[in-house]
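*Asks:* Following this line is final12.cif, made up of mmCIF, C-alpha atoms:
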```cif
data_input
loop_
_atom_site.group_PDB
_atom_site.id
_atom_site.type_symbol
_atom_site.label_atom_id
_atom_site.label_comp_id
_atom_site.auth_asym_id
_atom_site.auth_seq_id
_atom_site.Cartn_x
_atom_site.Cartn_y
_atom_site.Cartn_z
ATOM 1 C CA MET B 1 107.840 -52.850 -105.335
ATOM 2 C CA GLU B 2 111.112 -53.546 -107.111
ATOM 3 C CA PRO B 3 113.869 -50.994 -106.511
ATOM 4 C CA HIS B 4 113.952 -48.634 -109.478
ATOM 5 C CA LYS B 5 115.065 -45.159 -110.452
ATOM 6 C CA PRO B 6 112.002 -42.893 -110.848
ATOM 7 C CA THR B 7 111.523 -40.959 -114.071
ATOM 8 C CA HIS B 8 112.019 -37.202 -114.180
ATOM 9 C CA GLU B 9 108.235 -36.771 -114.360
ATOM 10 C CA GLU B 10 107.685 -38.990 -111.316
ATOM 11 C CA MET B 11 110.227 -37.017 -109.292
ATOM 12 C CA LEU B 12 108.736 -33.676 -110.308
ATOM 13 C CA SER B 13 105.213 -34.829 -109.425
ATOM 14 C CA ALA B 14 106.398 -35.997 -106.014
ATOM 15 C CA LEU B 15 108.200 -32.687 -105.473
ATOM 16 C CA GLU B 16 105.080 -30.727 -106.429
ATOM 17 C CA LEU B 17 103.040 -32.657 -103.860
ATOM 18 C CA ARG B 18 105.424 -31.521 -101.103
ATOM 19 C CA GLN B 19 106.466 -28.046 -102.247
ATOM 20 C CA GLY B 20 103.717 -26.875 -104.597
ATOM 21 C CA THR B 21 103.661 -26.472 -108.366
ATOM 22 C CA GLU B 22 104.630 -22.810 -108.447
ATOM 23 C CA ALA B 23 107.604 -23.235 -106.108
ATOM 24 C CA VAL B 24 108.870 -26.219 -108.088
ATOM 25 C CA ARG B 25 108.561 -24.241 -111.349
ATOM 26 C CA LYS B 26 110.684 -21.402 -109.929
ATOM 27 C CA LEU B 27 113.249 -23.760 -108.387
ATOM 28 C CA GLN B 28 113.579 -25.791 -111.602
ATOM 29 C CA ALA B 29 114.351 -22.579 -113.501
ATOM 30 C CA ALA B 30 116.986 -21.468 -110.974
ATOM 31 C CA CYS B 31 120.770 -21.719 -111.046
ATOM 32 C CA VAL B 32 122.742 -21.560 -107.786
ATOM 33 C CA ALA B 33 126.538 -21.526 -107.442
ATOM 34 C CA VAL B 34 128.085 -23.218 -104.401
ATOM 35 C CA CYS B 35 131.622 -21.929 -103.828
ATOM 36 C CA GLY B 36 133.530 -24.306 -101.571
ATOM 37 C CA LEU B 37 132.385 -27.921 -101.262
ATOM 38 C CA GLY B 38 133.319 -28.717 -97.674
ATOM 39 C CA GLY B 39 131.042 -29.059 -94.662
ATOM 40 C CA LEU B 40 128.919 -26.108 -95.732
ATOM 41 C CA GLY B 41 128.944 -26.492 -99.510
ATOM 42 C CA SER B 42 128.358 -30.245 -99.709
ATOM 43 C CA ASN B 43 125.352 -29.936 -97.400
ATOM 44 C CA ILE B 44 124.010 -26.833 -99.160
ATOM 45 C CA ALA B 45 124.205 -28.609 -102.523
ATOM 46 C CA ILE B 46 122.348 -31.677 -101.245
ATOM 47 C CA SER B 47 119.524 -29.546 -99.821
ATOM 48 C CA LEU B 48 119.210 -27.526 -103.033
ATOM 49 C CA ALA B 49 119.294 -30.609 -105.275
ATOM 50 C CA ARG B 50 116.624 -32.311 -103.169
ATOM 51 C CA ALA B 51 114.451 -29.184 -103.273
ATOM 52 C CA GLY B 52 114.531 -29.209 -107.081
ATOM 53 C CA VAL B 53 116.938 -26.407 -107.975
ATOM 54 C CA GLY B 54 117.412 -26.967 -111.702
ATOM 55 C CA LYS B 55 121.101 -26.208 -112.037
ATOM 56 C CA LEU B 56 123.986 -26.244 -109.559
ATOM 57 C CA ILE B 57 127.455 -24.849 -110.160
ATOM 58 C CA LEU B 58 129.973 -26.664 -107.931
ATOM 59 C CA VAL B 59 133.318 -24.937 -107.293
ATOM 60 C CA ASP B 60 136.292 -26.276 -105.293
ATOM 61 C CA PHE B 61 140.030 -26.760 -105.919
ATOM 62 C CA ASP B 62 140.480 -29.493 -103.321
ATOM 63 C CA CYS B 63 140.295 -33.282 -103.222
ATOM 64 C CA VAL B 64 138.384 -35.308 -100.639
ATOM 65 C CA ASP B 65 140.586 -35.986 -97.600
ATOM 66 C CA VAL B 66 140.069 -38.460 -94.775
ATOM 67 C CA THR B 67 139.814 -35.502 -92.376
ATOM 68 C CA ASN B 68 136.722 -34.268 -94.294
ATOM 69 C CA LEU B 69 134.572 -37.349 -93.725
ATOM 70 C CA HIS B 70 133.355 -36.369 -90.243
ATOM 71 C CA ARG B 71 131.253 -33.502 -91.579
ATOM 72 C CA GLN B 72 131.289 -33.380 -95.380
ATOM 73 C CA GLN B 73 128.942 -35.333 -97.636
ATOM 74 C CA TYR B 74 131.508 -37.677 -99.161
ATOM 75 C CA LYS B 75 132.065 -41.395 -98.764
ATOM 76 C CA ALA B 76 135.207 -43.167 -97.513
ATOM 77 C CA ASN B 77 135.793 -44.663 -100.960
ATOM 78 C CA GLN B 78 135.917 -41.137 -102.454
ATOM 79 C CA VAL B 79 139.063 -40.025 -100.585
ATOM 80 C CA GLY B 80 141.486 -38.601 -103.156
ATOM 81 C CA LEU B 81 138.836 -37.608 -105.721
ATOM 82 C CA PRO B 82 138.339 -33.976 -106.745
ATOM 83 C CA LYS B 83 135.453 -32.640 -104.635
ATOM 84 C CA PRO B 84 133.360 -31.254 -107.524
ATOM 85 C CA GLU B 85 133.422 -34.633 -109.289
ATOM 86 C CA ALA B 86 132.769 -36.627 -106.092
ATOM 87 C CA LEU B 87 129.919 -34.391 -104.944
ATOM 88 C CA MET B 88 128.299 -34.402 -108.380
ATOM 89 C CA ALA B 89 128.373 -38.215 -108.341
ATOM 90 C CA ASN B 90 126.654 -38.264 -104.933
ATOM 91 C CA LEU B 91 124.094 -35.641 -106.012
ATOM 92 C CA LYS B 92 123.270 -37.620 -109.156
ATOM 93 C CA GLU B 93 122.341 -40.565 -106.944
ATOM 94 C CA ILE B 94 119.970 -38.290 -104.984
ATOM 95 C CA ALA B 95 118.572 -36.004 -107.686
ATOM 96 C CA PRO B 96 119.540 -37.509 -111.062
ATOM 97 C CA TYR B 97 117.819 -34.924 -113.246
ATOM 98 C CA THR B 98 119.654 -31.900 -111.838
ATOM 99 C CA GLU B 99 121.934 -30.060 -114.272
ATOM 100 C CA PHE B 100 125.515 -29.544 -113.077
ATOM 101 C CA GLU B 101 128.476 -27.370 -113.936
ATOM 102 C CA THR B 102 131.681 -28.257 -112.081
ATOM 103 C CA HIS B 103 134.865 -26.253 -111.682
ATOM 104 C CA PHE B 104 137.910 -27.958 -110.143
ATOM 105 C CA GLU B 105 139.895 -24.780 -109.595
ATOM 106 C CA LYS B 106 140.529 -22.105 -107.011
ATOM 107 C CA ALA B 107 138.134 -19.175 -107.128
ATOM 108 C CA THR B 108 139.863 -15.811 -107.294
ATOM 109 C CA ALA B 109 138.780 -12.217 -107.799
ATOM 110 C CA GLU B 110 139.948 -12.572 -111.405
ATOM 111 C CA ASN B 111 138.152 -15.792 -112.430
ATOM 112 C CA LEU B 112 135.010 -15.562 -110.297
ATOM 113 C CA ASP B 113 132.808 -14.145 -113.044
ATOM 114 C CA LYS B 114 133.774 -17.033 -115.341
ATOM 115 C CA LEU B 115 132.971 -19.569 -112.586
ATOM 116 C CA VAL B 116 129.659 -18.257 -111.241
ATOM 117 C CA GLY B 117 128.459 -15.909 -113.989
ATOM 118 C CA ASN B 118 125.455 -18.104 -114.820
ATOM 119 C CA ALA B 119 124.098 -18.216 -111.262
ATOM 120 C CA GLN B 120 121.386 -15.970 -109.845
ATOM 121 C CA VAL B 121 122.294 -16.900 -106.255
ATOM 122 C CA ILE B 122 125.837 -17.485 -104.989
ATOM 123 C CA CYS B 123 126.453 -19.421 -101.766
ATOM 124 C CA GLU B 124 129.822 -18.630 -100.160
ATOM 125 C CA ALA B 125 130.939 -21.837 -98.442
ATOM 126 C CA PHE B 126 134.710 -21.520 -98.117
ATOM 127 C CA ASP B 127 136.553 -22.332 -94.901
ATOM 128 C CA LYS B 128 139.233 -19.621 -94.728
ATOM 129 C CA ALA B 129 138.154 -16.176 -93.566
ATOM 130 C CA GLU B 130 140.309 -14.451 -96.205
ATOM 131 C CA ALA B 131 138.698 -16.481 -99.014
ATOM 132 C CA LYS B 132 135.224 -15.631 -97.669
ATOM 133 C CA ALA B 133 136.062 -11.925 -97.626
ATOM 134 C CA MET B 134 137.560 -12.121 -101.138
ATOM 135 C CA LEU B 135 134.427 -13.715 -102.579
ATOM 136 C CA VAL B 136 132.019 -11.389 -100.760
ATOM 137 C CA ASN B 137 133.906 -8.236 -101.751
ATOM 138 C CA THR B 138 134.304 -9.391 -105.357
ATOM 139 C CA VAL B 139 130.626 -10.302 -105.771
ATOM 140 C CA LEU B 140 129.357 -7.134 -104.115
ATOM 141 C CA GLU B 141 131.807 -4.901 -106.017
ATOM 142 C CA THR B 142 131.485 -6.460 -109.469
ATOM 143 C CA MET B 143 128.230 -8.481 -109.668
ATOM 144 C CA PRO B 144 125.498 -6.188 -108.332
ATOM 145 C CA SER B 145 122.645 -8.253 -109.788
ATOM 146 C CA LYS B 146 123.524 -11.442 -107.873
ATOM 147 C CA TYR B 147 122.155 -12.572 -104.547
ATOM 148 C CA LEU B 148 124.910 -13.595 -102.139
ATOM 149 C CA VAL B 149 124.459 -15.907 -99.140
ATOM 150 C CA ALA B 150 127.651 -16.126 -97.074
ATOM 151 C CA ALA B 151 128.579 -17.885 -93.829
ATOM 152 C CA SER B 152 130.675 -16.901 -90.844
ATOM 153 C CA GLY B 153 130.883 -18.680 -87.496
ATOM 154 C CA MET B 154 129.823 -22.326 -87.190
ATOM 155 C CA ALA B 155 132.881 -23.910 -85.505
ATOM 156 C CA GLY B 156 132.925 -25.532 -82.085
ATOM 157 C CA PHE B 157 130.304 -27.229 -79.901
ATOM 158 C CA GLU B 158 128.280 -24.236 -78.679
ATOM 159 C CA SER B 159 124.485 -24.186 -78.968
ATOM 160 C CA GLY B 160 123.013 -24.435 -82.427
ATOM 161 C CA ASN B 161 120.555 -21.707 -81.465
ATOM 162 C CA ALA B 162 123.301 -19.119 -81.997
ATOM 163 C CA ILE B 163 123.335 -19.921 -85.739
ATOM 164 C CA ARG B 164 121.070 -17.485 -87.554
ATOM 165 C CA THR B 165 120.496 -15.710 -90.867
ATOM 166 C CA ARG B 166 121.010 -11.979 -91.066
ATOM 167 C CA LYS B 167 120.120 -9.728 -93.986
ATOM 168 C CA VAL B 168 122.971 -7.230 -94.421
ATOM 169 C CA THR B 169 121.700 -5.502 -97.589
ATOM 170 C CA ASP B 170 119.025 -6.242 -100.215
ATOM 171 C CA LYS B 171 121.318 -8.701 -102.015
ATOM 172 C CA PHE B 172 123.603 -9.899 -99.215
ATOM 173 C CA TYR B 173 122.760 -12.344 -96.433
ATOM 174 C CA ILE B 174 125.063 -13.912 -93.871
ATOM 175 C CA CYS B 175 124.470 -17.078 -91.850
ATOM 176 C CA GLY B 176 126.258 -18.330 -88.728
ATOM 177 C CA ASP B 177 126.963 -17.125 -85.199
ATOM 178 C CA GLY B 178 129.455 -14.532 -86.499
ATOM 179 C CA VAL B 179 132.149 -15.321 -83.920
ATOM 180 C CA SER B 180 133.077 -19.038 -83.614
ATOM 181 C CA ASP B 181 136.451 -19.168 -85.381
ATOM 182 C CA VAL B 182 137.937 -22.542 -86.279
ATOM 183 C CA ASP B 183 141.361 -20.893 -85.920
ATOM 184 C CA GLY B 184 140.684 -20.780 -82.193
ATOM 185 C CA GLY B 185 141.225 -24.550 -82.047
ATOM 186 C CA ILE B 186 137.585 -25.297 -81.224
ATOM 187 C CA GLY B 187 137.091 -27.775 -84.071
ATOM 188 C CA LEU B 188 134.104 -28.355 -86.308
ATOM 189 C CA VAL B 189 131.267 -30.806 -85.706
ATOM 190 C CA ALA B 190 128.865 -32.080 -88.374
ATOM 191 C CA PRO B 191 125.491 -30.956 -86.973
ATOM 192 C CA ARG B 192 126.586 -27.392 -86.227
ATOM 193 C CA VAL B 193 128.087 -26.980 -89.698
ATOM 194 C CA MET B 194 124.961 -28.571 -91.184
ATOM 195 C CA LEU B 195 122.773 -26.081 -89.305
ATOM 196 C CA CYS B 196 124.629 -23.218 -90.929
ATOM 197 C CA ALA B 197 124.466 -24.931 -94.330
ATOM 198 C CA ALA B 198 120.728 -25.411 -93.857
ATOM 199 C CA HIS B 199 120.325 -21.682 -93.114
ATOM 200 C CA GLN B 200 122.191 -20.890 -96.329
ATOM 201 C CA ALA B 201 120.233 -23.367 -98.460
ATOM 202 C CA LEU B 202 116.900 -22.168 -97.085
ATOM 203 C CA THR B 203 117.852 -18.543 -97.707
ATOM 204 C CA ALA B 204 118.807 -19.387 -101.306
ATOM 205 C CA ILE B 205 115.441 -21.112 -101.788
ATOM 206 C CA ARG B 206 113.544 -18.199 -100.218
ATOM 207 C CA LEU B 207 115.343 -15.772 -102.534
ATOM 208 C CA ILE B 208 114.463 -17.901 -105.587
ATOM 209 C CA LEU B 209 110.823 -17.994 -104.466
ATOM 210 C CA GLY B 210 110.727 -14.235 -103.854
ATOM 211 C CA LEU B 211 110.041 -14.638 -100.138
ATOM 212 C CA GLU B 212 112.886 -12.425 -98.887
ATOM 213 C CA MET C 1 127.692 10.450 -84.420
ATOM 214 C CA LEU C 2 127.324 7.580 -86.816
ATOM 215 C CA THR C 3 126.187 4.013 -86.400
ATOM 216 C CA ILE C 4 128.698 1.189 -86.832
ATOM 217 C CA ASN C 5 127.463 -2.370 -86.394
ATOM 218 C CA GLY C 6 124.474 -1.051 -84.474
ATOM 219 C CA GLN C 7 126.514 1.049 -82.013
ATOM 220 C CA SER C 8 126.741 4.841 -81.897
ATOM 221 C CA VAL C 9 130.333 5.832 -82.638
ATOM 222 C CA GLU C 10 132.178 9.182 -82.873
ATOM 223 C CA ALA C 11 134.052 8.693 -86.135
ATOM 224 C CA ALA C 12 132.908 11.488 -88.449
ATOM 225 C CA GLY C 13 135.816 12.774 -90.537
ATOM 226 C CA LYS C 14 137.788 9.547 -90.330
ATOM 227 C CA THR C 15 138.333 7.439 -93.407
ATOM 228 C CA VAL C 16 137.141 3.829 -93.491
ATOM 229 C CA ALA C 17 140.816 2.776 -93.507
ATOM 230 C CA GLN C 18 141.499 4.812 -90.338
ATOM 231 C CA TYR C 19 138.444 3.465 -88.532
ATOM 232 C CA ILE C 20 139.090 -0.210 -89.310
ATOM 233 C CA ALA C 21 142.753 0.111 -88.327
ATOM 234 C CA GLU C 22 141.857 1.773 -84.998
ATOM 235 C CA ALA C 23 139.138 -0.794 -84.306
ATOM 236 C CA GLY C 24 141.656 -3.604 -84.886
ATOM 237 C CA TYR C 25 140.073 -5.313 -87.885
ATOM 238 C CA ASN C 26 142.163 -7.399 -90.287
ATOM 239 C CA THR C 27 141.471 -5.841 -93.698
ATOM 240 C CA ALA C 28 141.852 -9.217 -95.431
ATOM 241 C CA ARG C 29 138.922 -10.647 -93.440
ATOM 242 C CA ILE C 30 136.248 -7.971 -93.735
ATOM 243 C CA ALA C 31 133.647 -6.444 -96.024
ATOM 244 C CA VAL C 32 132.420 -2.896 -95.326
ATOM 245 C CA GLU C 33 128.938 -1.614 -96.146
ATOM 246 C CA LEU C 34 128.308 2.125 -96.001
ATOM 247 C CA ASN C 35 124.629 3.121 -96.102
ATOM 248 C CA GLN C 36 123.724 -0.252 -97.661
ATOM 249 C CA ALA C 37 126.392 -0.083 -100.399
ATOM 250 C CA ILE C 38 129.674 -1.989 -100.500
ATOM 251 C CA VAL C 39 132.804 0.102 -100.034
ATOM 252 C CA PRO C 40 135.304 -1.245 -102.596
ATOM 253 C CA ARG C 41 138.506 -2.393 -100.886
ATOM 254 C CA ALA C 42 140.522 -0.002 -103.059
ATOM 255 C CA LYS C 43 138.505 2.935 -101.681
ATOM 256 C CA TYR C 44 138.892 2.413 -97.911
ATOM 257 C CA ALA C 45 141.594 5.111 -97.747
ATOM 258 C CA GLU C 46 139.565 7.744 -99.591
ATOM 259 C CA THR C 47 136.068 7.073 -98.175
ATOM 260 C CA VAL C 48 135.362 9.596 -95.394
ATOM 261 C CA LEU C 49 132.727 8.832 -92.772
ATOM 262 C CA ALA C 50 130.110 11.485 -91.962
ATOM 263 C CA ASP C 51 127.553 12.076 -89.211
ATOM 264 C CA GLY C 52 124.440 9.989 -89.792
ATOM 265 C CA ASP C 53 126.214 7.283 -91.795
ATOM 266 C CA VAL C 54 125.248 3.699 -91.114
ATOM 267 C CA VAL C 55 128.241 1.386 -91.389
ATOM 268 C CA GLU C 56 128.364 -2.373 -91.217
ATOM 269 C CA VAL C 57 131.736 -4.061 -90.889
ATOM 270 C CA VAL C 58 131.243 -7.757 -91.635
ATOM 271 C CA ASN C 59 134.115 -9.650 -90.026
ATOM 272 C CA PHE C 60 134.604 -13.183 -91.327
ATOM 273 C CA VAL C 61 135.864 -16.002 -89.125
ATOM 274 C CA GLY C 62 137.204 -19.331 -90.367
ATOM 275 C CA GLY C 63 135.347 -22.616 -90.701
ATOM 276 C CA GLY C 64 133.209 -24.224 -93.339
#
```
Step by step, read the file and then write its structure as structure tokens.
*Replies:*
Amino acid sequence: MEPHKPTHEEMLSALELRQGTEAVRKLQAACVAVCGLGGLGSNIAISLARAGVGKLILVDFDCVDVTNLHRQQYKANQVGLPKPEALMANLKEIAPYTEFETHFEKATAENLDKLVGNAQVICEAFDKAEAKAMLVNTVLETMPSKYLVAASGMAGFESGNAIRTRKVTDKFYICGDGVSDVDGGIGLVAPRVMLCAAHQALTAIRLILGLE
Amino acid sequence: MLTINGQSVEAAGKTVAQYIAEAGYNTARIAVELNQAIVPRAKYAETVLADGDVVEVVNFVGGG
């Protein structure tokens, strides 16, 4: 078979074979915002795009840096590009019929509604603890209809079995081990960050499918 | 007695602001749920804890 890009219909049929017609219908109709496009966010977005989420909102104020390549889903030739643009390019190679909205700016309590207002599920994927707390407090205080899937604790080389998903309230879930702080100088390693991202992406999918 | 992060704690009568200061949390890194509802950051100083309350202090650490 010659290499070729499948049609939208071919990709949807293949997705339905693996995930079921009803699940694909719900995922295609869904919009998820990914706030922070580093080790967590880039991996979350790839999982959601592959699973058939219809629309992704990609938010980050940063450009790809050489120090990101060990765990974030960018390529060496993308160093220096704005992350939302670079990640969207990579996602379009994987899932070309996904709809995207990109925001190359810093999320704040003041602009968050403008950035993620269209999403039903928000994935918090920042790296700084203060930014995580800002987003979580702002969403829970001002956007009561949204589902929020946050992350805390995925640094270091400890066992991946400590990474888990916890339901805090009906609309608020948190993934991670809760304690491994990158500020402790323990570093970050791709598979452990990916585990946490996978927990977040799966939780977002389960929320869209009504399984939580 | 009330329950904070799954532990029984004697804190009835204290405000959320008093409790989190005594427990050593950094206010810029937390979210506080009281009986399954978010406590707005601006209301920590006026929200008084009572016996039977269930409190969850979510403490964020860095990395992503």
*Asks:* Point out the residue among C:Ile30, C:Ala23, C:Thr47, C:Gly63 with the least atom-to-atom distance to Val9 (chain C), counting only C-alpha atoms.
*Replies:*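 Smallest distance to Val9 (chain C) is found for C:Ala23.
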*Asks:* Nearest residue to chain C out of B:Ala133, B:Cys196, B:Cys175, B:Ala150, using only C-alpha atoms?
*Replies:*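 With only C-alpha atoms as the atom set, the closest residue is B:Ala133.
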*Asks:* Quick one: pull the distance between CA of Ser42 (chain B) and CA of Ala197 (chain B), Å, one decimal.
*Replies:*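 Here the two named atoms are 8.5 Å from each other.
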*Asks:* What lies within 7 Å of Ser180 (chain B) using all atoms listed in the file, ignoring chain neighbours under 2 positions off, as a PDB file with C-alpha atoms, keeping the file's coordinate frame?
*Replies:*
```pdb
ATOM      1  CA  GLY B 153     130.883 -18.680 -87.496  1.00  0.00           C
ATOM      2  CA  MET B 154     129.823 -22.326 -87.190  1.00  0.00           C
ATOM      3  CA  ALA B 155     132.881 -23.910 -85.505  1.00  0.00           C
ATOM      4  CA  GLY B 156     132.925 -25.532 -82.085  1.00  0.00           C
ATOM      5  CA  ASP B 177     126.963 -17.125 -85.199  1.00  0.00           C
ATOM      6  CA  GLY B 178     129.455 -14.532 -86.499  1.00  0.00           C
ATOM      7  CA  VAL B 182     137.937 -22.542 -86.279  1.00  0.00           C
TER       8      VAL B 182
ATOM      9  CA  VAL C  61     135.864 -16.002 -89.125  1.00  0.00           C
TER      10      VAL C  61
END
```
*Asks:* What does the distance from CA of Leu202 (chain B) to CA of Val149 (chain B) come to in Å, to one decimal?
*Replies:* 10.0 Å
*Asks:* For Met11 (chain B), work out the shell of residues within 9 Å, counting all atoms listed in the file and skipping chain neighbours fewer than 4 positions away, then give it as a list in words.
*Replies:* Pro6, Thr7, Leu15, Glu16, Ala95 and Tyr97 of chain B
*Asks:* Just so the selection is clear, what residues does the PyMOL selection byres ((chain C) within 10 of (chain B)) cover here, as a PyMOL selection string?
*Replies:* chain C and resi 26-33+35-41+56-64
*Asks:* One decimal, Å: what's the distance from CA of Asn43 (chain B) over to CA of Tyr173 (chain B), could you say?
*Replies:*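 Rounded to one decimal, the two atoms are 17.8 Å apart.
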*Asks:* Name the residues captured by the PyMOL selection byres ((chain B and resi 81) around 12) when it is applied to the shown file; answer as a ChimeraX atom specification.
*Replies:* /B:60-66,74-80,82-89,104
*Asks:* Got a sec: who's within 8 Å of Ala17 (chain C), counting all atoms listed in the file, leaving out chain neighbours fewer than 6 positions off, as a list in words?
*Replies:*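 So, after excluding close chain neighbours, the residues are Tyr44, Ala45, Glu46 and Thr47 of chain C.
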*Asks:* Residues within 9 Å of (134.2, -0.2, -85.9), file coordinates, counting all atoms listed in the file: what are they? Give the list as number ranges by chain.
*Replies:* C: 4-5, 7, 9, 11, 19-25, 55-57
*Asks:* Hey, which of C:Val54, C:Ala42, C:Leu2, C:Leu49 ends up closest to Val16 (chain C)? Count all atoms listed in the file.
*Replies:*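 Nearest to Val16 (chain C): C:Leu49.
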*Asks:* Since the input lacks atoms, please generate all heavy atoms for region 49-56 of chain C and provide them as a PDB file, in the frame of the given file.
*Replies:*
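Output file part-v4.pdb follows:
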```pdb
ATOM      1  N   LEU C  49     133.981   9.046 -93.497  1.00  0.00           N
ATOM      2  CA  LEU C  49     132.727   8.832 -92.772  1.00  0.00           C
ATOM      3  C   LEU C  49     132.139  10.167 -92.330  1.00  0.00           C
ATOM      4  O   LEU C  49     132.867  11.103 -91.997  1.00  0.00           O
ATOM      5  CB  LEU C  49     132.980   7.933 -91.558  1.00  0.00           C
ATOM      6  CG  LEU C  49     133.540   6.542 -91.909  1.00  0.00           C
ATOM      7  CD1 LEU C  49     133.971   5.805 -90.640  1.00  0.00           C
ATOM      8  CD2 LEU C  49     132.501   5.727 -92.679  1.00  0.00           C
ATOM      9  N   ALA C  50     130.789  10.236 -92.337  1.00  0.00           N
ATOM     10  CA  ALA C  50     130.110  11.485 -91.962  1.00  0.00           C
ATOM     11  C   ALA C  50     129.018  11.192 -90.936  1.00  0.00           C
ATOM     12  O   ALA C  50     128.534  10.059 -90.821  1.00  0.00           O
ATOM     13  CB  ALA C  50     129.503  12.128 -93.211  1.00  0.00           C
ATOM     14  N   ASP C  51     128.632  12.233 -90.179  1.00  0.00           N
ATOM     15  CA  ASP C  51     127.553  12.076 -89.211  1.00  0.00           C
ATOM     16  C   ASP C  51     126.316  11.517 -89.910  1.00  0.00           C
ATOM     17  O   ASP C  51     125.969  11.940 -91.014  1.00  0.00           O
ATOM     18  CB  ASP C  51     127.218  13.419 -88.567  1.00  0.00           C
ATOM     19  CG  ASP C  51     128.195  13.752 -87.447  1.00  0.00           C
ATOM     20  OD1 ASP C  51     128.690  12.800 -86.796  1.00  0.00           O
ATOM     21  OD2 ASP C  51     128.464  14.943 -87.229  1.00  0.00           O
ATOM     22  N   GLY C  52     125.662  10.572 -89.247  1.00  0.00           N
ATOM     23  CA  GLY C  52     124.440   9.989 -89.792  1.00  0.00           C
ATOM     24  C   GLY C  52     124.674   8.754 -90.639  1.00  0.00           C
ATOM     25  O   GLY C  52     123.716   8.042 -90.967  1.00  0.00           O
ATOM     26  N   ASP C  53     125.938   8.488 -91.001  1.00  0.00           N
ATOM     27  CA  ASP C  53     126.214   7.283 -91.795  1.00  0.00           C
ATOM     28  C   ASP C  53     125.881   6.027 -90.986  1.00  0.00           C
ATOM     29  O   ASP C  53     126.049   5.989 -89.759  1.00  0.00           O
ATOM     30  CB  ASP C  53     127.707   7.216 -92.179  1.00  0.00           C
ATOM     31  CG  ASP C  53     128.043   8.096 -93.371  1.00  0.00           C
ATOM     32  OD1 ASP C  53     127.113   8.515 -94.077  1.00  0.00           O
ATOM     33  OD2 ASP C  53     129.246   8.355 -93.586  1.00  0.00           O
ATOM     34  N   VAL C  54     125.440   5.013 -91.716  1.00  0.00           N
ATOM     35  CA  VAL C  54     125.248   3.699 -91.114  1.00  0.00           C
ATOM     36  C   VAL C  54     126.263   2.750 -91.752  1.00  0.00           C
ATOM     37  O   VAL C  54     126.264   2.549 -92.963  1.00  0.00           O
ATOM     38  CB  VAL C  54     123.807   3.188 -91.334  1.00  0.00           C
ATOM     39  CG1 VAL C  54     123.648   1.788 -90.745  1.00  0.00           C
ATOM     40  CG2 VAL C  54     122.803   4.155 -90.717  1.00  0.00           C
ATOM     41  N   VAL C  55     127.139   2.226 -90.911  1.00  0.00           N
ATOM     42  CA  VAL C  55     128.241   1.386 -91.389  1.00  0.00           C
ATOM     43  C   VAL C  55     128.085  -0.020 -90.817  1.00  0.00           C
ATOM     44  O   VAL C  55     127.709  -0.202 -89.657  1.00  0.00           O
ATOM     45  CB  VAL C  55     129.609   1.964 -90.950  1.00  0.00           C
ATOM     46  CG1 VAL C  55     130.762   1.078 -91.431  1.00  0.00           C
ATOM     47  CG2 VAL C  55     129.774   3.392 -91.453  1.00  0.00           C
ATOM     48  N   GLU C  56     128.373  -0.988 -91.652  1.00  0.00           N
ATOM     49  CA  GLU C  56     128.364  -2.373 -91.217  1.00  0.00           C
ATOM     50  C   GLU C  56     129.711  -2.967 -91.599  1.00  0.00           C
ATOM     51  O   GLU C  56     130.061  -3.008 -92.786  1.00  0.00           O
ATOM     52  CB  GLU C  56     127.217  -3.086 -91.935  1.00  0.00           C
ATOM     53  CG  GLU C  56     127.060  -4.539 -91.620  1.00  0.00           C
ATOM     54  CD  GLU C  56     126.195  -4.806 -90.394  1.00  0.00           C
ATOM     55  OE1 GLU C  56     125.329  -3.964 -90.072  1.00  0.00           O
ATOM     56  OE2 GLU C  56     126.413  -5.849 -89.771  1.00  0.00           O
TER      57      GLU C  56
END
```
